[in-house]
Every structure is written in structure tokens, then in C-alpha cells.
Number of protein chains: 2
Amino acid sequence: MNGIDDVARAARDASRELADLAPHARAGLLLAAAAALDESAGELVAIGERETGLDSARLRGELTRTSVQLRLFADTVVDGQFHDARIDEADGDFALGVRPDLRRALVPIGPVLNFAASNFPFAFSVAGGDTASALAAGCAVIVKAHPGHPELSRRTAEIVSRALADAGAPAGTFQLIEGQDEGVAMLKHPSVAAASFTGSLGAGRFLADVAASRPAPIPFYGELGSVNPVVVTPSALAERADAILAGFTASVTGSAGQLCTKPGFLFVPAGSDVGSRAGAIVGEIGEHRLLYPKIAHGYEARRAAVVSTPGAEVHAEGGVRFDHQGHGWALPTIVSVSLSTLVRERDRLLDESFGPLSIIVEYTEADDLAAAFTDLFEGSLTAGLHLGAGESSPWITALVEAMSQLAGRVLFDGWPTGVAVTPAQQHGGPWPATTASTSTSVGTAAIQRFLRPVAYQNAPAALLPPVLRDDNPWNVEQRRSPAGESRRWGEAAAAQM
Amino acid sequence: MNGIDDVARAARDASRELADLAPHARAGLLLAAAAALDESAGELVAIGERETGLDSARLRGELTRTSVQLRLFADTVVDGQFHDARIDEADGDFALGVRPDLRRALVPIGPVLNFAASNFPFAFSVAGGDTASALAAGCAVIVKAHPGHPELSRRTAEIVSRALADAGAPAGTFQLIEGQDEGVAMLKHPSVAAASFTGSLGAGRFLADVAASRPAPIPFYGELGSVNPVVVTPSALAERADAILAGFTASVTGSAGQLCTKPGFLFVPAGSDVGSRAGAIVGEIGEHRLLYPKIAHGYEARRAAVVSTPGAEVHAEGGVRFDHQGHGWALPTIVSVSLSTLVRERDRLLDESFGPLSIIVEYTEADDLAAAFTDLFEGSLTAGLHLGAGESSPWITALVEAMSQLAGRVLFDGWPTGVAVTPAQQHGGPWPATTASTSTSVGTAAIQRFLRPVAYQNAPAALLPPVLRDDNPWNVEQRRSPAGESRRWGEAAAAQM
């Protein structure tokens with residue numbers, strides 16, 4: 001495994017240089033990568049179409065998302081708030097004896113290994129969010145390519161590597177490796193300081209266990225799977241059934257449902273015609289190639305289990321046709337069950353179906369939904385609720401509370417697919433949505449995964465990192481704790497009582 | 001295991017209520033606990049003296065630290081900045097299509113299991129920093145008592161429980177359990193959402209593995225062990241040898257060296273008389289009881305291995321005397337080795353010696369120190385450097401860089417023991433100092449361990465948590481991202497280049 005060792009050493013050496021780069025230089029690397037991707041859009045999208053079966057409009061949009069994301073992180077670097085710079089002034093009058101000058105900031109954690117996803121060949125792959133946020137944090141990145149799009153991975157890596165080198169990045173800033181054994185070996189390498197992953201529950205759990213059982217365990221940020229339940233209230237359905245049906249079916253079938261935020265369950269009032277209408281709408285949708293044969297076979301097995309569940313009414317049978325290359329082509333599937341059937345058949349129905357399939361769940365008592373959510377669902381990336389105009393009630397409050405317990409994002413009158421890349425985005429959630437519910441893999445807060453705090457006590461200014469110096473050459477936000485305040489600790493709180 | 005189940009359920013129910021408590025009410029719980037501890041100081045310190053062998057001045061100071069810490073976290077709750085509240089305004093002109101109204105804040109993670117430490121029977125035990133920061137975060141706390149001070153644990157828990165109940169805390173807010181099997185069973189309980197630990201490498205690794213191998217893994221914040229190397233430059237030694245010797249020996253022998261920040265290695269210029277002088281100073285120090293017999297036996301085995309290492313010069317032999325109750329009484333130990341001996345005998349010398357023992361390492365080439373630190377040391381809570389007045393040089397810069405790679409706190413012209421409880425404190429570090437180098441267990445940032453983010457998309461104001469509402473009833477800091485800014489992403493960064 002000499003190659004692994006060389007790659008890891010290069011990443012380690014590059015990380016040390018990257019950590020010291022001034023913000024504009026580090027941001028410049030991200031901007032250079034963004035520009036290079038935009039310039040190569042035509043070539044990359046064509047490779048992506050051939051390798052993934054996703055259409056060019058989707059891929060072009062995803063590539064734009066990817067370069068925009070790199071630019072957002074360039075601004076995040078320059079802003080510098082993510083350093084969480086804190087300065088405690090020396091305090092001779094401190095409550096527990098003399099307090100030294102103490103300064104704390106977040107610094108890069110070290111080389112990051114990023115296991116690329118198959119379903120977003122740009123945005124969650126070679127130059128996607130994990131890579132952007134790790135580079136922004138000042139960490140060298142090693143990407144383990146997903147075997148679903150090898151040529152696209154290599155070409156993207158070439159373009160990004162060239163752009164980074166031309167912009168002055170240290171050698172080893174960005175490297176691509178391929179192969180499952182190589183990925184596992186790299187995850188075990190002592191120089192790797194953190195890892196990220198987007199993929200299946202099985203692979204994610206395996207890698208999380210590898211990371212946790214290293215001689216020196218490291219953080220493993222895995223985004224594994226999600227069923228994204230959505231509830232429609234009777235009022236919402238009465239007000240805008242057409243819009244809800246259109247949004248739901250588009251969200252379920254877009255990209256052939258191969259999105260981690262696809263709504264896997266739609267809760268509607270019993271007696272509605274949502275199931276039959278949704279079945280009719282998706283029945284008009286043509287077949288879509290699935291990403292690669294393994295996903296197609298896994299999805300078809302799930303689909304067969306779902307449609308044959310006792311008590312399930314099938315509104316669109318769907319199915320997967322395999323072509324002579326082994327690729328699966330899927331038609332969408334819609335079934336409905338009663339809430340009591342879902343409870344009874346939970347072991348069969350609750351797993352994620354990674355493809356164009358959703359289960360409509362008919363409820364009779366809205367008051368039961370909060371308890372049902374708590375009882376039925378494990379962690380999920382999202383949960384959603386469609387309300388009537390101005391609608392409120394105690395059961396809605398309780399349901400939103402239950403949703404916020406199980407999901408990282410609770411959304412109203414919308415659909416979970418289409419994840420904005422913004423400062424307030426949260427793409428994460430309790431297990432099994434992710435291995436680390438305290439983090440996000442989308443949005444500027446994703447940078448926090450690749451930082452660790454270091455405090456400096458009574459340090460000479462010349463030996464402090466720039467973000468902690470009084471002259472603040474990087475112009476970042478610094479939170480100061482003035483001398484004397486400790487004598488008043490508790491008083492501010494007490495004054496409020 | 002019915003008891004475990006009942007405790008976990010009560011904690012789960014209490015966590016839901018605590019999460020919704022207004023800041024002044026949540027802070028009030030912490031203030032009530034602080035006041036109750038202060039009122040019972042005499043009784044508690046007397047029990048602590050008997051059970052731990054620590055003296056009353058130390059214990060009284062530690063109890064004050066504990067109540068001050070609770071008051072600091074009360075203010076942290078009222079301040080509310082820890083929620084990291086972010087508001088993205090809806091943006092029809094967003095770079096990637098219409099951006100919804102998106103609001104993200106950190107919310108309590110759920111019930112926290114805190115494994116208490118032996119060596120700080122107040123500050124890292126029943127009502128210590130882990131408990132204070134978890135309650136401040138809005139999480140119910142289950143403390144697994146350390147068997148080293150069972151009566152003190154029970155009495156502290158009674159006092160805190162009474163105070164919390166009188167202040168209106170929900171039942172189940174704070175509970176004590178005892179026993180190793182009970183602790184492990186609780187760590188496996190599905191209702192426990194996170195765990196903290198301060199203790200040995202062996203126990204910490206065992207528990208971290210339990211947490212990681214749960215069906216649904218949870219964050220485990222363990223602080224395990226540290227050797228805290230300190231370097232003295234020739235200039236510093238020439239300027240103030242007496243002060244350095246006094247500080248060093250006090251830091252090594254205070255509380256019989258049973259502190260995770262005890263300086264285990266002191267690097268001094270070869271040819272100095274630091275070893276013999278330190279040996280003479282500690283030779284005047286009387287014996288001190290070690291915390292409990294298991295620690296005493298472990299320490300004595302380490303001490304015997306260190307003093308018999310080929311190439312080690314013994315300046316104070318020290319040793320442990322066992323009394324008829326089985327308690328060990330230690331005299332301090334000082335040895336010196338050359339840097340080359342340390343490198344050769346690293347497997348024997350580099351492990352932590354948890355007791356009044358330190359190894360003086362004589363270096364000949366200061367230029368070698370940075371590389372030696374990188375080569376020799378695993379993660380440590382701290383690393384220290386004593387400089388001459390105004391001293392600077394490339395090797396010092398390189399050494400500080402190496403120190404910041406391996407430690408969570410880098411300190412100058414001081415000693416690592418005595419950890420200020422402040423906003424900028426960092427008590428953590430890379431493995432094996434902790435299981436999670438991205439966190440701290442001391443200071444206000446410790447609250448971050450027990451929070452997870454949730455985003456709300458297009459939520460009606462009435463269904464938002466108070467910290468995310470436009471009327472901001474809890475008066476916390478909110479970071480807003482205005483509409484329109486995405487069109488400029490990358491420009492701010494580009495403008496700097």
C-alpha cells in the first residue's frame with residue numbers, strides 16, 4: 001500500500017501549509033476551482049450523462065450548484081466568523097484566582113478523506129460540498145471516487161487539481177483515490193484526521209465502525225439514509241390538493257427518486273383520493289435510468305417488498321426493466337396504506353426505498369400523528385407539514401415538536417428535495433440519517449466539521465495565529481471577555497428571575 | 001434492569017420539558033444548584049476529605065470552582081449566543097432558484113449520561129462541568145457516580161436534586177446511578193443521546209467503543225489522559241531558574257500529581273542542574289494519599305518502570321506506601337533522561353504516570369525539538385513553553401506549530417495545572433487526550449457538546465422556537481442573511497485577491 005502512504009503524507013504536508021494561508025489566498029483556491037468547473041461544464045456534463053443516466057438539465061444545474069457552493073465557501077473563508085475567535089483578557093480580579101490571557105480559535109483538523117456519493121456526481125462528489133468545506137477549513141482533501149462515475153471523477157479531479165496548482169495550492173492539497181480497499185486503508189491511515197461520506201446505511205455503518213475502531217479514532221461524518229415523512233392536514237388538502245399532488249409527485253420522481261431527501265411517506269386524511277390521483281400522475285411519467293446496477297437491484301427488491309405488503313393498495317405498480325448493459329430503468333411506484341397497516345408492517349415498510357417510490361399513509365385521527373411519528377420513525381434528514389392557511393392547533397404543535405426531535409430540517413408547505421446551500425441550511429439528523437447529528441453536510445456550517453479548537457495562554461503576539469492577535473490582520477470577528485466580569489457571574493441570570 | 005429503564009425514561013421526559021424552559025427559568029435551576037452547594041460546603045468538604053485524601057483547602061477551592069461554574073453557565077444560558085441562531089431571509093433572486101425562509105438553531109440533544117471522575121470530586125463529578133454544561137444546554141443529566149467517593153456522590157446528588165426540584169425543575173432533570181454494569185447498560189439505552197467521561201485511557205476507550213457500537217451510535221466526549229510536555233529555553237532558564245523550578249515542582253506535586261494537566265515531561269537544556277534541584281525540592285515534600293487503591297497500584301507500577309529505565313537518572317526516588325486500609329501514600333518522583341534516551345525508551349516512558357512523577361528531558365539542539373515533539377507525542381491536553389524575555393527564533397515558531405498540532409492548549413511561561421473556567425478555555429485535544437478533539441469539557445464552549453442543529457423552512461412564527469422568531473422573545477443574537485447576497489458570492493473573496 002505504498003500509494004496510500006504517499007497520498008496521506010502529501011495531504012499531511014499540504015494541510016500544514018494550507019492552515020497558514022491568508023484568507024484571500026485560501027479563498028482564491030476555491031474560486032479557481034469554481035471557475036475551472038464552470039469552464040469545463042459542457043465536457044463534464046456529457047460524461048456525467050453517459051455514466052449516471054441523469055439528464056443534462058439536472059447535471060448542468062448540479063454543476064452550477066457546485067461552483068456556486070465553492071464561491072460561497074470562498075466568502076465564508078474571508079468572513080472568518082467560523083474561527084469562533086474568543087479572547088479572555090487577563091484578569092487579576094477573576095473569581096477563582098488570577099486569570100491568564102487566554103485566546104481560543106478553531107483551526108484546521110488536518111487531512112480529510114471524503115467518500116464521494118453516486119447520486120450527486122458533482123455536488124456530493126469529487127468537488128462537492130465536503131471537498132469545498134474541508135478546503136475552506138484549511139484541510140487537504142483526499143477524495144475516494146465513487147465507482148458509479150469513474151471517468152467523471154477522474155476528469156473532475158484533473159480539472160480541480162490543475163486549477164488549484166495554477167492558483168498556488170501546495171502539492172497534495174487535493175488528491176483522488178479509487179477502490180474500496182484503498183478507501184478503507186486510507187480511512188485507517190494515521191495521517192487522516194477526519195472523514196466524510198454520503199451513501200448507503202450499510203456502507204456508512206461499516207466505515208463509521210472502521211473510523212471508531214482505529215487506534216486513534218477520528219470524526220466520521222456520514223450521511224446515510226432518510227425517509228423524510230410529510231404530513232398533509234385536512235385543511236391543506238381542501239385548500240390546494242392539486243398543488244400538493246403536483247409537488248409531491250415531482251419530488252418523488254425527480255432524478256428517479258434517487259435523492260436522500262425524497263419524501264418516502266406522505267400522510268393524508270383517510271378517505272381522500274390522493275393515492276389514486278398520485279398514481280395517475282406518475283403513470284404518465286416515462287422510465288428513468290437508475291444510477292448503476294447495484295442501486296437498481298437494491299431498489300427493485302425494496303419495491304417488490306413494498307407493493308406486496310398485505311394491506312397495501314397499489315396505485316402505480318412501477319417496476320424496473322434491465323437493459324442489455326445491466327442498467328435498470330424505473331417507472332414510479334405509489335402505494336397507500338392505513339396508519340394501522342404501517343404500524344403493523346413497520347419492519348417491511350419503514351426502510352428507505354432509494355428510487356421513485358413513495359408510500360401514502362392514510363390517518364383517521366390527526367391527534368395520533370405526533371405519537372405515531374415518535375413511535376415509528378428513526379432519525380431523518382427532514383420532516384414536512386402542509387398546513388391550511390393560518391391553521392393551528394395543539395396537535396400541530398405536538399407534531400412539529402416530534403418532527404424536530406427526529407429530523408434536522410422541518411419544512412412547511414414545501415417538499416424536502418432541493419436543498420438550498422445557505423448559512424442557515426441544516427442537512428443532517430439523528431441516526432440513521434447521519435452518524436453525527438451535531439453536524440451538517442450542506443451550508444456554511446458544514447465547515448465546522450473540519451475544525452478543532454486550540455487555546456493559547458499568555459502567548460506573545462508573534463506566536464499567535466492571526467485570528468487571535470489584537471491587531472487582527474485577517475479582520476475576523478473576535479469575542480472579548482473583559483477583565484472583572486467573573487465577579488458578576490450569575491447576577492445577570494439572577495436579575496431576570 | 002428495570003431501574004435503568006425508569007431512569008432513562010424520566011430523563012427523556014424531563015429533557016422535553018427542559019428544552020422549552022425560558023432562559024431565566026433554565027438559568028434559575030443552575031443558580032439554585034450553585035447556592036445549595038455553597039450552603040453545604042462544610043459538610044461536603046468533610047466527606048470529600050475522608051473519601052479522597054485530598055485536603056480541605058483544595059476541596060473547598062474546588063467546590064467554589066464548581067458553584068462559580070454553575071453561575072457562569074447560568075449567564076451563558078441567558079446570553080443565548082450558543083444557539084448560533086441563523087436566519088436566511090426568503091430570496092426570490094437566489095443564485096440557485098428561489099430560496100425559502102430558512103432558520104437554524106442549536107437545540108438540546110437529549111438526555112446526557114455523565115461518567116464522573118475520581119480526581120475532581122466536585123468539579124468533574126456529580127455537579128461538575130459536564131453536568132453544568134448539559135443542564136445549561138437544556139438536557140436532563142444522568143450521572144454515573146465514581147466509586148472513589150460514593151458517599152460524597154450521593155450527598156451531592158441529594159443536595160442538587162432538592163435544589164433543582166425546589167426551583168421548579170421537572171422530575172428526572174438530574175439523576176444519579178451507581179455501578180459499572182449500570183453505567184454500561186445506561187450508555188446502551190436508546191433514550192440516552194450523548195455521554196461524557198473523564199478518566200483513564202482504558203475505561204474511556206471501552207466506553208467510547210460501547211457508544212460507537214450501539215445500534216444508533218451517539219456522541220461520546222471522553223477526556224482520557226495527557227502528558228502535557230513543557231519546554232524551557234536556555235534563555236528562560238538563565239533568566240529565572242528559581243521561579244521555573246518552584247512552579248514546576250508545585251505543578252507536579254499538587255494534589256499528588258493526580259491531575260490530567262500535570263506536566264509529565266519538562267524539556268531543559270542539557271548540562272543544567274534542573275534535575276538535581278527539582279529532586280531536592282520535592283524531597284522536602286511529605287507523602288500524600290492517593291485517591292483510591294486502584295490508582296495507587298497503577299501509579300506505583302508506572303513509577304517502578306520509569307525509575308528503572310536504562311539511562312534514567314533518578315533525582316527523587318519517591319514511591320508508594322500502602323497503609324492498613326489499602327490506601328497508597330506517595331512521595332514525589334523526579335527522573336531525568338536525555339532526549340535520545342526518551343526516543344529509545346519511548347514505549348516505556350511515554351505513557352501517562354498518574355501521580356507525583358515527572359520526567360526531565362535534556363536536549364542539546366533546540367532545533368530538534370519541533371520534530372521530536374511531532375515524532376514522540378500523541379495528543380495532549382496541553383503543551384507549554386517557557387521563553388526568555390522577548391525571545392524569538394524560527395525553531396520556537398516551529399515548536400509552537402508542533403505544539404498546536406498535538407495539544408488543545410498551548411501555554412507560555414506558566415504551568416498547565418489550574419484550568420480557568422472561561423469563554424476562551426480549551427480543555428481537550430487530539431486522541432488520546434480526548435475521544436473528540438473538536439470539543440472542550442471546560443469553559444462555556446463545553447455546552448456545544450450537547451446541542452444539535454435543527455432548521456425550519458417557511459415555518460409559521462407560532463411554530464418556530466423562540467430563538468428563531470423575528471420578535472426574538474429570548475433576546476439572543478441572530479445572524480441574518482439578507483435576500484440578494486447570493487448573487488455576489490465569490491465577489492468579496494475575489495475583491496481581496
# chains A, B, ... in the order shown; residues from 1 in each chain; ligands from 1

call {"tool": "select_by_dssp", "arguments": {"residues": "segment 42-222 of chain A", "states": "alpha helix (DSSP H)", "output": "PyMOL selection string"}}
result
chain A and resi 42-52+56-79+129-137+150-166+180-187+201-212

call {"tool": "residues_around", "arguments": {"residues": "Thr249 of chain B", "least_positions_apart": "4", "cutoff": "10 Å", "atoms": "only C-alpha atoms", "output": "ChimeraX atom specification"}}
result
/B:244-245,253-254,257,263,277-279,281-282,285,332,334,356-358

call {"tool": "closest_residue", "arguments": {"among": "B:Ala424, B:Leu70, B:Pro432, B:Ala383", "to": "Gly408 of chain B", "atoms": "only C-alpha atoms"}}
result
B:Ala383

call {"tool": "residues_around", "arguments": {"residues": "Ala35 of chain B", "least_positions_apart": "3", "cutoff": "12 Å", "atoms": "only C-alpha atoms", "output": "PyMOL selection string"}}
result
(chain A and resi 490+494) or (chain B and resi 28-32+38-41+63-64+66-71+159-160+162-164+167)

call {"tool": "write_last_selection", "arguments": {"atoms": "N, CA, C and O atoms", "output": "CSV table (one decimal), in the first residue's frame"}}
result
chain,number,residue,atom,x,y,z
A,490,GLY,N,-23.6,35.0,37.3
A,490,GLY,CA,-24.8,34.6,38.0
A,490,GLY,C,-25.7,35.8,38.2
A,490,GLY,O,-26.9,35.6,38.3
A,494,ALA,N,-29.6,36.0,37.6
A,494,ALA,CA,-30.5,36.2,38.7
A,494,ALA,C,-31.4,37.4,38.5
A,494,ALA,O,-32.5,37.4,39.0
B,28,GLY,N,-32.2,29.7,36.3
B,28,GLY,CA,-32.5,29.6,37.7
B,28,GLY,C,-32.2,28.3,38.3
B,28,GLY,O,-31.8,28.2,39.5
B,29,LEU,N,-32.3,27.2,37.5
B,29,LEU,CA,-32.0,25.9,38.0
B,29,LEU,C,-30.5,25.8,38.4
B,29,LEU,O,-30.1,25.3,39.4
B,30,LEU,N,-29.7,26.4,37.5
B,30,LEU,CA,-28.2,26.3,37.8
B,30,LEU,C,-27.9,27.2,39.0
B,30,LEU,O,-27.0,26.8,39.8
B,31,LEU,N,-28.5,28.3,39.1
B,31,LEU,CA,-28.2,29.2,40.3
B,31,LEU,C,-28.6,28.5,41.6
B,31,LEU,O,-28.0,28.6,42.6
B,32,ALA,N,-29.8,27.8,41.5
B,32,ALA,CA,-30.3,27.1,42.7
B,32,ALA,C,-29.3,26.0,43.1
B,32,ALA,O,-29.0,25.9,44.3
B,38,ASP,N,-23.0,25.8,47.8
B,38,ASP,CA,-22.2,26.7,48.6
B,38,ASP,C,-22.7,26.6,50.1
B,38,ASP,O,-21.9,26.6,51.0
B,39,GLU,N,-24.0,26.4,50.3
B,39,GLU,CA,-24.5,26.3,51.6
B,39,GLU,C,-24.1,25.1,52.3
B,39,GLU,O,-24.0,25.0,53.6
B,40,SER,N,-23.8,24.0,51.6
B,40,SER,CA,-23.5,22.7,52.2
B,40,SER,C,-22.0,22.5,52.1
B,40,SER,O,-21.5,21.4,52.3
B,41,ALA,N,-21.2,23.6,51.9
B,41,ALA,CA,-19.8,23.4,51.7
B,41,ALA,C,-19.1,22.6,52.8
B,41,ALA,O,-18.3,21.7,52.6
B,63,LEU,N,-14.8,23.2,45.3
B,63,LEU,CA,-16.3,23.4,45.4
B,63,LEU,C,-16.7,24.8,45.0
B,63,LEU,O,-17.7,25.0,44.3
B,64,THR,N,-15.9,25.8,45.3
B,64,THR,CA,-16.1,27.2,44.9
B,64,THR,C,-16.1,27.2,43.3
B,64,THR,O,-16.9,27.8,42.7
B,66,THR,N,-16.8,24.9,41.4
B,66,THR,CA,-18.0,24.2,40.9
B,66,THR,C,-19.2,25.1,40.9
B,66,THR,O,-20.0,25.1,40.0
B,67,SER,N,-19.4,25.8,42.0
B,67,SER,CA,-20.6,26.7,42.0
B,67,SER,C,-20.4,27.9,41.1
B,67,SER,O,-21.3,28.4,40.5
B,68,VAL,N,-19.2,28.4,41.0
B,68,VAL,CA,-18.9,29.6,40.1
B,68,VAL,C,-19.2,29.1,38.7
B,68,VAL,O,-19.8,29.8,37.9
B,69,GLN,N,-18.8,27.9,38.4
B,69,GLN,CA,-19.0,27.3,37.0
B,69,GLN,C,-20.5,27.2,36.7
B,69,GLN,O,-21.0,27.5,35.6
B,70,LEU,N,-21.3,26.8,37.7
B,70,LEU,CA,-22.8,26.8,37.5
B,70,LEU,C,-23.3,28.2,37.2
B,70,LEU,O,-24.2,28.3,36.4
B,71,ARG,N,-22.8,29.2,37.9
B,71,ARG,CA,-23.2,30.5,37.7
B,71,ARG,C,-22.8,31.1,36.3
B,71,ARG,O,-23.5,31.8,35.7
B,159,ILE,N,-28.4,17.0,47.4
B,159,ILE,CA,-28.5,18.4,47.6
B,159,ILE,C,-28.9,19.1,46.2
B,159,ILE,O,-29.7,20.0,46.2
B,160,VAL,N,-28.3,18.6,45.2
B,160,VAL,CA,-28.6,19.2,43.8
B,160,VAL,C,-30.0,18.9,43.4
B,160,VAL,O,-30.8,19.7,42.9
B,162,ARG,N,-32.6,18.2,45.3
B,162,ARG,CA,-33.5,19.0,46.1
B,162,ARG,C,-33.6,20.4,45.6
B,162,ARG,O,-34.7,21.0,45.5
B,163,ALA,N,-32.4,21.0,45.4
B,163,ALA,CA,-32.4,22.4,44.9
B,163,ALA,C,-33.1,22.6,43.6
B,163,ALA,O,-33.8,23.5,43.3
B,164,LEU,N,-32.9,21.6,42.7
B,164,LEU,CA,-33.5,21.7,41.4
B,164,LEU,C,-35.0,21.6,41.5
B,164,LEU,O,-35.8,22.3,40.9
B,167,ALA,N,-36.6,24.6,42.8
B,167,ALA,CA,-36.6,25.7,41.8
B,167,ALA,C,-37.5,25.4,40.6
B,167,ALA,O,-37.5,26.1,39.6

call {"tool": "closest_atom_pairs", "arguments": {"of": "chain A", "to": "chain B", "cutoff": "7 Å", "atoms": "only C-alpha atoms", "output": "tab-separated table"}}
result
residue	atom	partner	partner_atom	distance
A:His24	CA	B:Gln496	CA	5.7
A:Ala27	CA	B:Ala493	CA	6.0
A:Gly28	CA	B:Ala494	CA	7.0
A:Leu31	CA	B:Gly490	CA	6.8
A:Arg65	CA	B:Leu96	CA	6.6
A:Arg71	CA	B:Gly490	CA	4.4
A:Leu72	CA	B:Trp489	CA	5.3
A:Ala74	CA	B:Ala493	CA	5.8
A:Asp75	CA	B:Ala493	CA	5.3
A:Val78	CA	B:Ala493	CA	6.0
A:Arg86	CA	B:Ala424	CA	5.2
A:Ile87	CA	B:Ala424	CA	6.0
A:Asp88	CA	B:Ala424	CA	5.9
A:Leu96	CA	B:Arg65	CA	6.6
A:Arg99	CA	B:Ala420	CA	6.5
A:Leu102	CA	B:Ala424	CA	5.9
A:Arg103	CA	B:Ala424	CA	5.5
A:Arg104	CA	B:Ala424	CA	5.1
A:Ala212	CA	B:Ala212	CA	6.5
A:Ala216	CA	B:Trp431	CA	5.8
A:Thr397	CA	B:Leu463	CA	6.6
A:Ser404	CA	B:Val454	CA	6.8
A:Gly408	CA	B:Val454	CA	4.6
A:Arg409	CA	B:Ala455	CA	4.5
A:Val410	CA	B:Tyr456	CA	4.9
A:Leu411	CA	B:Gln457	CA	4.4
A:Phe412	CA	B:Asn458	CA	5.5
A:Ala420	CA	B:Arg99	CA	6.5
A:Pro423	CA	B:Asp88	CA	6.9
A:Ala424	CA	B:Arg104	CA	5.1
A:Gln425	CA	B:Ala455	CA	6.4
A:Gln426	CA	B:Ala455	CA	5.5
A:Trp431	CA	B:Ala216	CA	5.8
A:Ser437	CA	B:Arg452	CA	6.1
A:Thr438	CA	B:Arg452	CA	4.3
A:Leu451	CA	B:Thr438	CA	6.6
A:Arg452	CA	B:Thr438	CA	4.3
A:Pro453	CA	B:Thr438	CA	6.2
A:Val454	CA	B:Gly408	CA	4.6
A:Ala455	CA	B:Arg409	CA	4.5
A:Tyr456	CA	B:Val410	CA	4.9
A:Gln457	CA	B:Leu411	CA	4.4
A:Asn458	CA	B:Phe412	CA	5.5
A:Ala459	CA	B:Phe412	CA	5.6
A:Leu463	CA	B:Thr397	CA	6.6
A:Trp489	CA	B:Leu72	CA	5.3
A:Gly490	CA	B:Arg71	CA	4.4
A:Ala492	CA	B:Asp75	CA	6.1
A:Ala493	CA	B:Asp75	CA	5.3
A:Ala494	CA	B:Gly28	CA	7.0
A:Gln496	CA	B:His24	CA	5.7
A:Met497	CA	B:His24	CA	5.9

call {"tool": "select_by_dssp", "arguments": {"residues": "segment 247-434 of chain B", "states": "strand (DSSP E)", "output": "MDAnalysis selection string"}}
result
chainID B and resid 265:269 288:289 313:316 319:322 328:331 333:338 357:363 380:386 407:412

call {"tool": "residues_around", "arguments": {"residues": "Ser338 of chain A", "least_positions_apart": "4", "cutoff": "8 Å", "atoms": "only C-alpha atoms", "output": "PyMOL selection string"}}
result
chain A and resi 270+311+342+361-363

call {"tool": "closest_residue", "arguments": {"among": "A:Leu266, A:Ala280, A:Ala140, A:Cys260", "to": "Val192 of chain A", "atoms": "only C-alpha atoms"}}
result
A:Ala140

call {"tool": "residues_around", "arguments": {"residues": "segment 195-198 of chain B", "least_positions_apart": "3", "cutoff": "7 Å", "atoms": "only C-alpha atoms", "output": "list in words"}}
result
Val112, Leu113, Asn114, Phe115, Ala116, Ala117, Asp130, Gly204, Pro219, Phe220, Tyr221, Gly222, Glu223 and Leu224 of chain B

call {"tool": "atom_distance", "arguments": {"atom1": "atom CA of Glu365 of chain B", "atom2": "atom CA of Phe267 of chain B"}}
result
11.3 Å

call {"tool": "residues_around", "arguments": {"residues": "Gly138 of chain B", "least_positions_apart": "6", "cutoff": "7 Å", "atoms": "only C-alpha atoms", "output": "VMD selection string"}}
result
chain B and resid 15 18 to 19 108

call {"tool": "write_last_selection", "arguments": {"atoms": "all heavy atoms", "output": "PDB file, in the first residue's frame"}}
result
ATOM      1  N   SER B  15     -36.108  15.979  29.633  1.00  0.00           N
ATOM      2  CA  SER B  15     -35.405  16.722  28.578  1.00  0.00           C
ATOM      3  C   SER B  15     -36.388  17.490  27.711  1.00  0.00           C
ATOM      4  O   SER B  15     -36.110  18.614  27.285  1.00  0.00           O
ATOM      5  CB  SER B  15     -34.586  15.757  27.700  1.00  0.00           C
ATOM      6  OG  SER B  15     -33.376  15.429  28.338  1.00  0.00           O
ATOM      7  N   LEU B  18     -37.382  20.539  29.689  1.00  0.00           N
ATOM      8  CA  LEU B  18     -36.254  21.476  29.856  1.00  0.00           C
ATOM      9  C   LEU B  18     -35.992  22.262  28.577  1.00  0.00           C
ATOM     10  O   LEU B  18     -35.649  23.450  28.621  1.00  0.00           O
ATOM     11  CB  LEU B  18     -34.983  20.705  30.237  1.00  0.00           C
ATOM     12  CG  LEU B  18     -34.915  20.184  31.669  1.00  0.00           C
ATOM     13  CD1 LEU B  18     -33.763  19.194  31.799  1.00  0.00           C
ATOM     14  CD2 LEU B  18     -34.744  21.336  32.652  1.00  0.00           C
ATOM     15  N   ALA B  19     -36.154  21.604  27.445  1.00  0.00           N
ATOM     16  CA  ALA B  19     -35.859  22.266  26.174  1.00  0.00           C
ATOM     17  C   ALA B  19     -36.742  23.489  25.974  1.00  0.00           C
ATOM     18  O   ALA B  19     -36.337  24.449  25.307  1.00  0.00           O
ATOM     19  CB  ALA B  19     -36.042  21.272  25.021  1.00  0.00           C
ATOM     20  N   PRO B 108     -31.299  21.317  22.325  1.00  0.00           N
ATOM     21  CA  PRO B 108     -30.727  20.279  23.197  1.00  0.00           C
ATOM     22  C   PRO B 108     -30.741  18.910  22.515  1.00  0.00           C
ATOM     23  O   PRO B 108     -31.718  18.544  21.859  1.00  0.00           O
ATOM     24  CB  PRO B 108     -31.658  20.284  24.413  1.00  0.00           C
ATOM     25  CG  PRO B 108     -32.395  21.577  24.356  1.00  0.00           C
ATOM     26  CD  PRO B 108     -32.441  22.000  22.925  1.00  0.00           C
TER      27      PRO B 108
END

call {"tool": "closest_residue", "arguments": {"among": "B:Ala171, B:Leu59, B:Ile47, B:Ala461", "to": "Ala10 of chain B", "atoms": "only C-alpha atoms"}}
result
B:Ala171
